[in-house]
Amino acid sequence: MFRVITVLISLVMAFSVQAADSGAQYVHLQPAFVLNYGNNTKGRMKYIRTDVALRVVGAEAAGKVNHHQAYIRNQMVLLLSQQDDAAVNSAQGREKLRQVALEEVRALMSELEGQPYVEDLYFQNFVAQN
């Protein structure tokens with residue numbers, strides 16, 4: 001009887017660890033992105049400040065994304081700095097930017113690791129100074 005209970009407890013614990021490992025996790029790209037954007041035609045710099053989080057599923061995906069975080073950040077800086085006022089000053093523009101950023105990160109991870117690993121991308125805050 002004791003042996004059966006021990007086996008059952010072991011199975012439940014193994015299942016719990018596997019379920020926790022397969023749950024959604026968020027990889028925060030730190031530090032925050034602070035950069036200038038757009039064309040400087042009026043002699044005045046325009047800035048964006050945003051925090052970005054990537055949703056992944058499982059510890060393996062989180063590890064892979066963390067491993068390539070420098071490359072992901074570089075691509076995000078290049079993408080964000082190319083934006084214009086219409087993209088950063090409207091909700092629709094920011095949503096489109098979020099979707100483009102997600103696709104770029106997924107393509108990058110697919111190129112580097114053979115799988116996209118990233119399920120979604122979120123701007124935790126987004127401040128633009130014109």
# chains A, B, ... in the order shown; residues from 1 in each chain; ligands from 1

$ residues_around --residues "range 94-96 of chain A" --least-positions-apart "2" --cutoff "12 Å" --atoms "only C-alpha atoms" --output "compact mmCIF listing (two decimals) with N, CA and C atoms, in the first residue's frame"
# COMPACT_ATOMS: atom_id res chain seq x y z
N ILE A 48 10.99 57.88 -27.94
CA ILE A 48 10.09 56.82 -27.50
C ILE A 48 10.71 56.19 -26.26
N THR A 50 9.68 52.74 -24.01
CA THR A 50 8.74 51.63 -23.86
C THR A 50 9.42 50.44 -23.19
N LEU A 80 11.95 50.33 -33.97
CA LEU A 80 11.33 51.47 -33.29
C LEU A 80 11.86 52.80 -33.80
N GLN A 83 10.15 54.48 -36.99
CA GLN A 83 8.73 54.83 -36.99
C GLN A 83 8.51 56.32 -37.21
N ASP A 84 7.30 56.65 -37.66
CA ASP A 84 6.93 58.05 -37.85
C ASP A 84 5.87 58.43 -36.82
N ASP A 85 5.47 59.70 -36.82
CA ASP A 85 4.51 60.19 -35.83
C ASP A 85 3.19 59.43 -35.87
N ALA A 86 2.72 59.09 -37.05
CA ALA A 86 1.44 58.39 -37.18
C ALA A 86 1.47 57.03 -36.47
N ALA A 87 2.60 56.37 -36.52
CA ALA A 87 2.70 55.05 -35.91
C ALA A 87 2.75 55.12 -34.39
N VAL A 88 3.41 56.12 -33.84
CA VAL A 88 3.59 56.16 -32.38
C VAL A 88 2.54 56.97 -31.65
N ASN A 89 1.78 57.80 -32.35
CA ASN A 89 0.83 58.69 -31.68
C ASN A 89 -0.62 58.23 -31.74
N SER A 90 -0.89 57.09 -32.34
CA SER A 90 -2.26 56.59 -32.38
C SER A 90 -2.30 55.14 -31.89
N ALA A 91 -3.44 54.78 -31.34
CA ALA A 91 -3.60 53.42 -30.85
C ALA A 91 -3.49 52.40 -31.98
N GLN A 92 -4.07 52.74 -33.14
CA GLN A 92 -3.99 51.83 -34.29
C GLN A 92 -2.55 51.68 -34.77
N ARG A 98 3.14 46.86 -32.88
CA ARG A 98 3.27 45.68 -32.02
C ARG A 98 3.23 44.39 -32.84
N GLN A 99 2.32 44.34 -33.80
CA GLN A 99 2.21 43.15 -34.65
C GLN A 99 3.44 42.98 -35.53
N VAL A 100 3.95 44.08 -36.08
CA VAL A 100 5.17 44.01 -36.91
C VAL A 100 6.35 43.56 -36.05
N ALA A 101 6.46 44.12 -34.85
CA ALA A 101 7.54 43.73 -33.94
C ALA A 101 7.46 42.25 -33.59
N LEU A 102 6.25 41.77 -33.32
CA LEU A 102 6.07 40.34 -33.02
C LEU A 102 6.53 39.48 -34.19
N GLU A 103 6.12 39.84 -35.39
CA GLU A 103 6.52 39.05 -36.56
C GLU A 103 8.03 39.08 -36.77
N LEU A 121 3.87 39.59 -28.10
CA LEU A 121 4.74 40.70 -27.69
C LEU A 121 3.83 41.79 -27.15
N TYR A 122 4.24 42.37 -26.02
CA TYR A 122 3.44 43.41 -25.38
C TYR A 122 4.28 44.64 -25.09
N PHE A 123 3.73 45.81 -25.36
CA PHE A 123 4.31 47.05 -24.89
C PHE A 123 3.69 47.29 -23.51
N GLN A 124 4.48 47.22 -22.47
CA GLN A 124 3.95 47.41 -21.13
C GLN A 124 3.61 48.87 -20.88
N ASN A 125 4.32 49.74 -21.49
CA ASN A 125 4.00 51.16 -21.52
C ASN A 125 4.60 51.70 -22.81
N PHE A 126 4.12 52.82 -23.24
CA PHE A 126 4.61 53.38 -24.51
C PHE A 126 4.44 54.90 -24.42
N VAL A 127 5.54 55.60 -24.31
CA VAL A 127 5.52 57.05 -24.20
C VAL A 127 6.30 57.63 -25.36
N ALA A 128 5.67 58.56 -26.07
CA ALA A 128 6.33 59.25 -27.19
C ALA A 128 6.36 60.74 -26.89

$ residues_around --residues "Glu119 in chain A" --least-positions-apart "3" --cutoff "8 Å" --atoms "only C-alpha atoms" --output "NGL selection string"
:A and (54-57 or 116)

$ closest_residue --among "A:Met45, A:Leu108, A:Val118, A:Val34" --to "Ala70 in chain A" --atoms "only C-alpha atoms"
A:Leu108

$ closest_residue --among "A:Gln30, A:Gln75, A:Gln129, A:Asn39" --to "Asp51 in chain A" --atoms "only C-alpha atoms"
A:Gln30

$ atom_distance --atom1 "CA of Asn40 in chain A" --atom2 "CA of Leu79 in chain A"
16.5 Å
